[in-house]
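K.L.:
Structure file structure-v9.cif (mmCIF, C-alpha atoms and all ligand atoms) right here:
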```
data_model
loop_
_atom_site.label_atom_id
_atom_site.label_comp_id
_atom_site.auth_asym_id
_atom_site.auth_seq_id
_atom_site.Cartn_x
_atom_site.Cartn_y
_atom_site.Cartn_z
CA MET A 1 23.24 24.69 51.83
CA ASP A 2 21.65 22.41 49.20
CA LEU A 3 17.95 21.95 49.92
CA THR A 4 17.01 20.73 46.43
CA GLY A 5 15.30 17.63 45.04
CA GLN A 6 15.07 15.75 41.74
CA ILE A 7 12.36 13.67 40.07
CA ALA A 8 12.93 12.36 36.54
CA ASN A 9 14.46 15.26 34.56
CA PHE A 10 12.93 17.85 36.88
CA HIS A 11 15.11 19.74 39.33
CA PHE A 12 13.36 21.34 42.30
CA ASN A 13 15.15 24.28 43.93
CA HIS A 14 13.00 23.78 47.02
CA ILE A 15 11.50 20.44 48.13
CA LEU A 16 8.28 21.77 49.65
CA LEU A 17 4.94 22.08 47.87
CA ASN A 18 1.23 21.84 48.68
CA ALA A 19 -0.56 18.52 49.08
CA ALA A 20 -3.20 18.04 46.37
CA GLY A 21 -6.47 19.38 47.65
CA VAL A 22 -5.00 22.22 49.68
CA LYS A 23 -4.55 25.71 48.19
CA CYS A 24 -4.90 24.42 44.64
CA GLN A 25 -8.54 24.46 43.51
CA THR A 26 -8.51 27.86 41.78
CA THR A 27 -5.97 29.66 39.59
CA ALA A 28 -5.55 32.27 42.34
CA GLU A 29 -4.58 29.58 44.85
CA LEU A 30 -2.27 27.83 42.38
CA ASP A 31 -0.60 31.17 41.56
CA GLN A 32 -0.10 31.92 45.25
CA VAL A 33 1.63 28.61 45.94
CA LEU A 34 3.86 29.01 42.86
CA ALA A 35 4.66 32.62 43.83
CA SER A 36 6.03 31.58 47.22
CA PRO A 37 9.84 31.85 47.02
CA TYR A 38 10.04 28.79 49.26
CA SER A 39 7.81 26.39 47.30
CA GLY A 40 9.50 24.18 44.77
CA SER A 41 6.37 23.39 42.80
CA VAL A 42 2.59 23.18 42.96
CA VAL A 43 0.13 20.32 42.49
CA THR A 44 -3.38 20.91 41.18
CA LYS A 45 -6.50 19.79 42.99
CA SER A 46 -7.23 16.25 41.74
CA ALA A 47 -9.27 16.76 38.60
CA THR A 48 -12.31 14.86 37.34
CA PRO A 49 -13.43 15.26 33.72
CA MET A 50 -16.29 17.60 34.61
CA VAL A 51 -16.68 20.28 37.27
CA ARG A 52 -17.63 18.73 40.62
CA PRO A 53 -19.20 20.49 43.62
CA GLY A 54 -18.07 17.74 45.99
CA ASN A 55 -19.71 16.68 49.22
CA PRO A 56 -22.07 18.84 51.33
CA SER A 57 -20.58 21.07 54.02
CA PRO A 58 -19.40 21.04 56.74
CA ARG A 59 -16.78 18.83 55.07
CA TYR A 60 -13.49 20.04 56.59
CA TYR A 61 -12.67 20.40 60.30
CA GLN A 62 -9.54 21.38 62.17
CA LEU A 63 -9.12 19.03 65.15
CA PRO A 64 -8.40 20.53 68.61
CA GLU A 65 -4.94 20.78 70.20
CA GLU A 66 -3.29 20.96 66.75
CA LEU A 67 -3.92 17.23 66.31
CA GLY A 68 -4.68 17.69 62.62
CA SER A 69 -7.75 17.63 60.39
CA ILE A 70 -10.58 15.51 59.11
CA ASN A 71 -12.04 16.04 55.61
CA SER A 72 -14.62 14.59 53.31
CA MET A 73 -14.39 17.07 50.44
CA GLY A 74 -15.52 14.57 47.81
CA LEU A 75 -13.24 15.74 45.00
CA PRO A 76 -14.68 19.22 44.43
CA ASN A 77 -12.81 20.71 41.49
CA GLU A 78 -13.15 23.02 38.49
CA GLY A 79 -12.89 20.19 35.99
CA PHE A 80 -10.03 18.80 33.93
CA ALA A 81 -10.12 21.47 31.19
CA TYR A 82 -9.70 24.28 33.75
CA TYR A 83 -6.48 22.82 35.11
CA LEU A 84 -5.16 21.88 31.67
CA ASP A 85 -5.69 25.48 30.54
CA TYR A 86 -3.89 26.69 33.66
CA VAL A 87 -0.81 24.51 33.29
CA LEU A 88 -0.54 25.15 29.53
CA ASN A 89 -0.62 28.94 29.93
CA LYS A 90 1.11 29.49 33.26
CA GLN A 91 4.60 30.97 32.89
CA THR A 92 6.81 29.48 35.60
CA ASP A 93 10.28 27.97 35.83
CA LYS A 94 9.08 25.63 38.57
CA PRO A 95 7.96 22.10 37.61
CA VAL A 96 4.18 21.62 37.98
CA PHE A 97 2.22 18.51 39.03
CA PHE A 98 -1.17 17.81 37.44
CA SER A 99 -3.33 15.56 39.65
CA VAL A 100 -6.15 13.45 38.21
CA ALA A 101 -8.74 11.41 40.12
CA GLY A 102 -11.30 9.95 37.78
CA LEU A 103 -14.25 8.14 39.40
CA THR A 104 -13.87 5.37 36.83
CA LYS A 105 -10.93 3.76 35.03
CA ASP A 106 -12.22 5.15 31.74
CA ASP A 107 -12.31 8.68 33.17
CA ASN A 108 -8.70 8.32 34.29
CA LEU A 109 -7.63 6.91 30.92
CA ALA A 110 -9.41 9.71 29.04
CA MET A 111 -7.77 12.45 31.12
CA LEU A 112 -4.34 10.83 30.84
CA MET A 113 -4.74 10.43 27.07
CA GLU A 114 -5.57 14.14 26.77
CA LEU A 115 -2.53 15.04 28.89
CA GLU A 116 -0.34 12.74 26.79
CA GLN A 117 -1.51 14.41 23.59
CA SER A 118 -1.20 17.92 25.05
CA ASP A 119 1.83 20.21 25.30
CA PHE A 120 1.87 19.78 29.09
CA ASN A 121 5.50 19.37 30.11
CA GLY A 122 5.22 18.77 33.84
CA LEU A 123 4.55 15.71 35.97
CA VAL A 124 1.25 13.84 36.35
CA GLU A 125 -0.07 12.38 39.60
CA LEU A 126 -2.71 9.67 39.33
CA ASN A 127 -4.68 9.81 42.57
CA LEU A 128 -5.63 6.22 43.42
CA SER A 129 -6.49 6.94 47.03
CA CYS A 130 -9.34 9.41 47.58
CA PRO A 131 -11.34 8.00 50.52
CA ASN A 132 -14.23 10.43 50.30
CA VAL A 133 -16.40 9.63 47.29
CA PRO A 134 -19.39 7.74 48.70
CA GLY A 135 -19.59 4.27 47.22
CA LYS A 136 -16.13 4.48 45.61
CA PRO A 137 -13.23 2.40 47.00
CA GLN A 138 -9.66 3.62 47.39
CA THR A 139 -8.33 1.92 44.26
CA ALA A 140 -4.80 1.39 45.60
CA TYR A 141 -6.13 -0.91 48.33
CA ASP A 142 -7.00 -3.29 45.47
CA PHE A 143 -3.63 -4.53 44.18
CA GLU A 144 -5.04 -6.23 41.08
CA ALA A 145 -7.09 -3.16 40.10
CA THR A 146 -3.96 -1.02 40.55
CA ARG A 147 -1.93 -3.34 38.32
CA ALA A 148 -4.74 -3.33 35.74
CA ILE A 149 -5.04 0.44 35.46
CA LEU A 150 -1.26 1.00 35.37
CA THR A 151 -0.98 -1.62 32.62
CA GLU A 152 -3.55 0.26 30.52
CA VAL A 153 -2.00 3.65 31.31
CA PHE A 154 1.55 2.70 30.36
CA ALA A 155 0.33 1.21 27.09
CA PHE A 156 0.17 4.82 25.85
CA PHE A 157 1.44 7.28 28.50
CA THR A 158 5.05 8.44 28.05
CA LYS A 159 5.23 11.57 30.24
CA PRO A 160 6.49 11.49 33.87
CA LEU A 161 3.77 9.81 35.94
CA GLY A 162 3.39 9.02 39.62
CA VAL A 163 0.65 7.62 41.83
CA LYS A 164 -0.85 9.04 45.05
CA LEU A 165 -1.18 6.16 47.49
CA PRO A 166 -3.25 5.60 50.60
CA PRO A 167 -1.43 4.60 53.78
CA TYR A 168 -0.78 0.88 54.28
CA PHE A 169 -0.68 -0.70 57.72
CA ASP A 170 0.52 -4.27 57.05
CA MET A 171 4.08 -5.25 56.07
CA VAL A 172 2.68 -7.71 53.52
CA HIS A 173 0.72 -4.86 51.94
CA PHE A 174 3.94 -2.85 51.59
CA ASP A 175 5.41 -5.88 49.79
CA MET A 176 2.34 -6.29 47.59
CA ILE A 177 1.97 -2.68 46.44
CA ALA A 178 5.72 -2.42 45.82
CA ALA A 179 5.61 -5.60 43.71
CA VAL A 180 2.95 -3.94 41.54
CA LEU A 181 4.62 -0.53 41.28
CA ASN A 182 8.07 -1.94 40.48
CA ASP A 183 6.65 -3.43 37.29
CA PHE A 184 5.99 0.04 35.82
CA PRO A 185 8.19 2.96 34.71
CA LEU A 186 6.81 5.31 37.36
CA ALA A 187 8.65 8.57 37.98
CA PHE A 188 7.44 8.72 41.60
CA VAL A 189 4.99 7.64 44.24
CA ASN A 190 3.39 10.10 46.63
CA THR A 191 2.70 8.65 50.05
CA ILE A 192 0.49 9.15 52.07
CA ASN A 193 -2.96 10.37 51.23
CA SER A 194 -5.17 10.97 54.29
CA ILE A 195 -5.85 8.06 56.63
CA GLY A 196 -9.31 7.19 55.36
CA ASN A 197 -12.56 7.14 57.29
CA GLY A 198 -11.67 8.46 60.68
CA LEU A 199 -14.32 9.96 62.96
CA ALA A 200 -14.26 13.05 65.18
CA ILE A 201 -16.83 14.21 67.74
CA ASP A 202 -17.82 17.68 68.98
CA PRO A 203 -17.93 17.23 72.79
CA HIS A 204 -20.43 20.06 73.27
CA THR A 205 -23.08 18.62 70.99
CA ASP A 206 -22.18 14.90 70.94
CA THR A 207 -22.27 15.25 67.17
CA VAL A 208 -19.86 14.36 64.39
CA VAL A 209 -17.93 17.37 63.02
CA ILE A 210 -18.43 16.88 59.26
CA LYS A 211 -21.65 16.16 57.36
CA PRO A 212 -20.78 13.65 54.60
CA LYS A 213 -20.82 9.90 55.22
CA GLY A 214 -22.18 10.23 58.77
CA GLY A 215 -19.02 12.08 59.79
CA PHE A 216 -16.41 9.68 58.41
CA GLY A 217 -13.46 11.45 56.73
CA GLY A 218 -9.78 11.38 55.85
CA LEU A 219 -7.36 12.25 58.65
CA GLY A 220 -4.40 14.59 58.16
CA GLY A 221 -1.94 16.65 60.17
CA SER A 222 0.33 15.75 63.07
CA LEU A 223 -1.68 12.69 64.09
CA VAL A 224 -0.75 10.93 60.83
CA LYS A 225 3.02 11.61 60.98
CA ALA A 226 4.08 8.18 62.24
CA THR A 227 2.07 6.50 59.46
CA ALA A 228 3.54 8.81 56.83
CA LEU A 229 7.10 8.09 58.02
CA ALA A 230 6.46 4.35 57.96
CA ASN A 231 5.00 4.39 54.44
CA VAL A 232 7.83 6.53 53.02
CA ARG A 233 10.43 4.30 54.68
CA ALA A 234 8.78 1.00 53.70
CA LEU A 235 8.34 2.03 50.06
CA ARG A 236 11.84 3.47 49.81
CA GLU A 237 13.21 0.14 51.03
CA ARG A 238 11.13 -1.78 48.45
CA LEU A 239 10.84 0.36 45.31
CA ASN A 240 13.32 0.51 42.44
CA GLU A 241 15.57 3.50 43.02
CA SER A 242 14.33 4.98 39.74
CA ILE A 243 10.96 5.53 41.43
CA LYS A 244 11.30 8.66 43.54
CA ILE A 245 9.18 9.38 46.63
CA ILE A 246 7.12 12.39 47.62
CA GLY A 247 6.53 12.30 51.37
CA THR A 248 3.20 13.70 52.52
CA GLY A 249 1.49 13.65 55.90
CA GLY A 250 2.01 15.08 59.35
CA VAL A 251 4.34 17.96 58.50
CA THR A 252 4.08 20.82 61.00
CA SER A 253 7.78 21.57 61.59
CA GLY A 254 11.17 21.50 59.88
CA ARG A 255 11.99 18.41 61.91
CA ASP A 256 9.01 16.64 60.33
CA VAL A 257 10.38 17.50 56.87
CA TYR A 258 13.83 16.29 57.96
CA ASP A 259 12.35 13.00 59.20
CA LEU A 260 10.54 12.33 55.90
CA VAL A 261 13.76 12.97 53.97
CA LEU A 262 15.62 10.69 56.41
CA CYS A 263 13.07 7.98 55.47
CA GLY A 264 13.75 8.57 51.78
CA ALA A 265 11.54 11.42 50.57
CA ASP A 266 12.80 13.40 47.57
CA LEU A 267 10.09 16.07 47.91
CA VAL A 268 7.75 16.86 50.81
CA GLU A 269 4.14 18.05 50.67
CA VAL A 270 2.25 20.08 53.24
CA GLY A 271 -1.53 19.80 53.60
CA THR A 272 -3.20 20.49 56.93
CA GLN A 273 -0.49 22.92 58.13
CA LEU A 274 -0.79 24.84 54.86
CA MET A 275 -4.52 25.18 55.61
CA VAL A 276 -3.56 26.57 59.04
CA GLU A 277 -0.74 28.98 58.12
CA ASP A 278 -1.22 29.59 54.38
CA THR A 279 1.84 29.90 52.11
CA PRO A 280 4.19 31.52 54.70
CA VAL A 281 4.41 27.99 56.11
CA PHE A 282 6.89 27.13 53.34
CA GLU A 283 9.42 29.72 54.55
CA ARG A 284 9.05 28.67 58.18
CA LEU A 285 9.46 24.97 57.39
CA GLU A 286 12.47 25.48 55.14
CA GLY A 287 14.16 27.67 57.75
CA GLU A 288 13.59 25.08 60.44
CA LEU A 289 14.82 22.33 58.10
CA ALA A 290 18.04 24.26 57.46
CA ASN A 291 18.51 24.62 61.22
CA GLU A 292 18.11 20.88 61.71
CA LEU A 293 20.81 20.22 59.09
CA ASP A 294 23.04 22.89 60.63
CA LYS A 295 22.84 21.24 64.06
CA LYS A 296 24.61 18.21 62.59
CA ASN A 297 26.90 20.10 60.19
CA TYR A 298 25.18 18.74 57.10
CA GLN A 299 25.45 20.85 53.95
CA SER A 300 22.76 19.17 51.85
CA LEU A 301 19.61 17.04 52.03
CA ALA A 302 21.45 14.44 49.93
CA GLU A 303 23.59 13.65 52.99
CA ILE A 304 20.56 12.55 55.01
CA ARG A 305 18.15 11.27 52.33
CA GLY A 306 17.24 7.67 53.13
CA LYS A 307 19.85 7.53 55.92
CA LEU A 308 17.53 6.64 58.82
CA GLN A 309 19.50 4.45 61.22
CA THR A 310 18.14 1.31 62.84
CA ILE A 311 19.31 -0.20 66.11
CA ALA A 312 21.91 -2.97 65.59
O1 LIG B 401 -7.61 12.18 47.67
C1 LIG B 401 -8.23 12.89 48.48
N1 LIG B 401 -7.88 12.86 49.78
C2 LIG B 401 -8.55 13.54 50.73
O2 LIG B 401 -8.22 13.42 51.91
N2 LIG B 401 -9.58 14.35 50.36
C3 LIG B 401 -9.79 14.66 49.01
C4 LIG B 401 -11.25 14.88 48.69
O3 LIG B 401 -12.12 14.46 49.48
O4 LIG B 401 -11.48 15.47 47.62
N3 LIG B 401 -9.24 13.70 48.09
#
```
Would you mind writing the file out in structure tokens?
Ligand SMILES: O=C1NC(=O)NC(C(=O)O)N1
P.N.:
Amino acid sequence: MDLTGQIANFHFNHILLNAAGVKCQTTAELDQVLASPYSGSVVTKSATPMVRPGNPSPRYYQLPEELGSINSMGLPNEGFAYYLDYVLNKQTDKPVFFSVAGLTKDDNLAMLMELEQSDFNGLVELNLSCPNVPGKPQTAYDFEATRAILTEVFAFFTKPLGVKLPPYFDMVHFDMIAAVLNDFPLAFVNTINSIGNGLAIDPHTDTVVIKPKGGFGGLGGSLVKATALANVRALRERLNESIKIIGTGGVTSGRDVYDLVLCGADLVEVGTQLMVEDTPVFERLEGELANELDKKNYQSLAEIRGKLQTIA
């Protein structure tokens, strides 16, 4: 059975990997994800130029009844140089994604210039959608700002680049972001980032469950699946076919992976459920995915990719 994926010149023997932010802040975590026989790749925690402690804790909370998670991490990371050193020295035959999330356009341009001039030979993900830095907007909700930064980036950047997008909730917004992205030689888009600025309450104490921003945080896990499916499907229908799609959000079962591929995903990322189960989740999900294909006598993901049916 062929459970592989392709982005640019990179072939992925498995389509599952971590979502940026989960199991990817330290070299030990990155090594563990890469070492899983059932991961196809790894993505680094979104890097800022300097080390960042992030927001005060509690800043991550698992919602009850396996609904998902809420987080306001605030881009804690070991700093750009730490991740560049890791990717330049790590021996692996799996493609690696380097995620960057500068707090300013200049920070992003500086990190991307350093990556361009480095020997890094993987893929780069420009995170335009972190909802958790107080006072900072999710750039990709501003279509002109997104066009402006991509214009400056592609004036010099020649390596495979993709963007991490927030979820959109309006058909016109799908049209507008696709009209921007189609003007650039992007290797991929990764959709969705968490659903920004949700709120969860502890019923025993009548208190929010995370400290930053009065309890507002990004939502992940099963409760965001329908939004993730819609964003993958809408962008697949609108983007040039040269722009591949990484589907992220709401994956807790092999059927969830199958559904994202059905909507057009080339690779699939796991965030909240990876926090819950750790790296064995990749084996479980791939096994369940294979079973879903078996049920319908499919031999490869290529047979179902983008093949979601509508009602005539
Ligand atoms: O892009 C991000 N999305 C999230 O949901 N959380 C992290 C963060 O807060 O660092 N960043």
K.L.:
Choose the residue, out of A:Ala200, A:Ile195, A:Val270, A:Leu181, that has the smallest atom-to-atom separation from A:Arg236; count all atoms listed in the file.
P.N.:
A:Leu181
K.L.:
Could you give me, as a list in words, every polymer residue with an atom at most 8 Å away from an atom of ligand LIG 401 (chain B), counting all atoms listed in the file?
P.N.:
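If we count all atoms listed in the file, the neighbours of ligand LIG 401 (chain B) turn out to be Ala20, Gly21, Ser46, Gly54, Asn55, Ile70, Asn71, Ser72, Met73, Gly74, Leu75, Pro76, Ala101, Asn127, Leu128, Ser129, Cys130, Pro131, Asn132, Val133, Lys164, Asn193, Ser194, Ile195, Gly196, Gly217, Gly218, Leu219 and Gly220 of chain A.
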K.L.:
Interatomic distance between atom CA of A:Lys105 and atom CA of A:Gln25?
P.N.:
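Atom CA of A:Gln25 lies at a distance of 22.5 Å from atom CA of A:Lys105.
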K.L.:
Skipping near chain neighbours, those fewer than 3 positions away, what residues fall within 9 Å of A:Asn182 using only C-alpha atoms, listed as a ChimeraX atom specification?
P.N.:
/A:177-179,185-186,238-240,243
K.L.:
What is the atom CA of A:Lys45-atom CA of A:Phe98 distance in Å, reported with one decimal?
P.N.:
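Computing the Euclidean distance for atom CA of A:Lys45 and atom CA of A:Phe98 yields 7.9 Å.
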K.L.:
Please provide as a PyMOL selection string all residues within 9 Å of A:Ala81, with the sequence filter that same-chain residues fewer than 4 positions apart are discarded (counting all atoms listed in the file).
P.N.:
chain A and resi 47+49-50+85-86
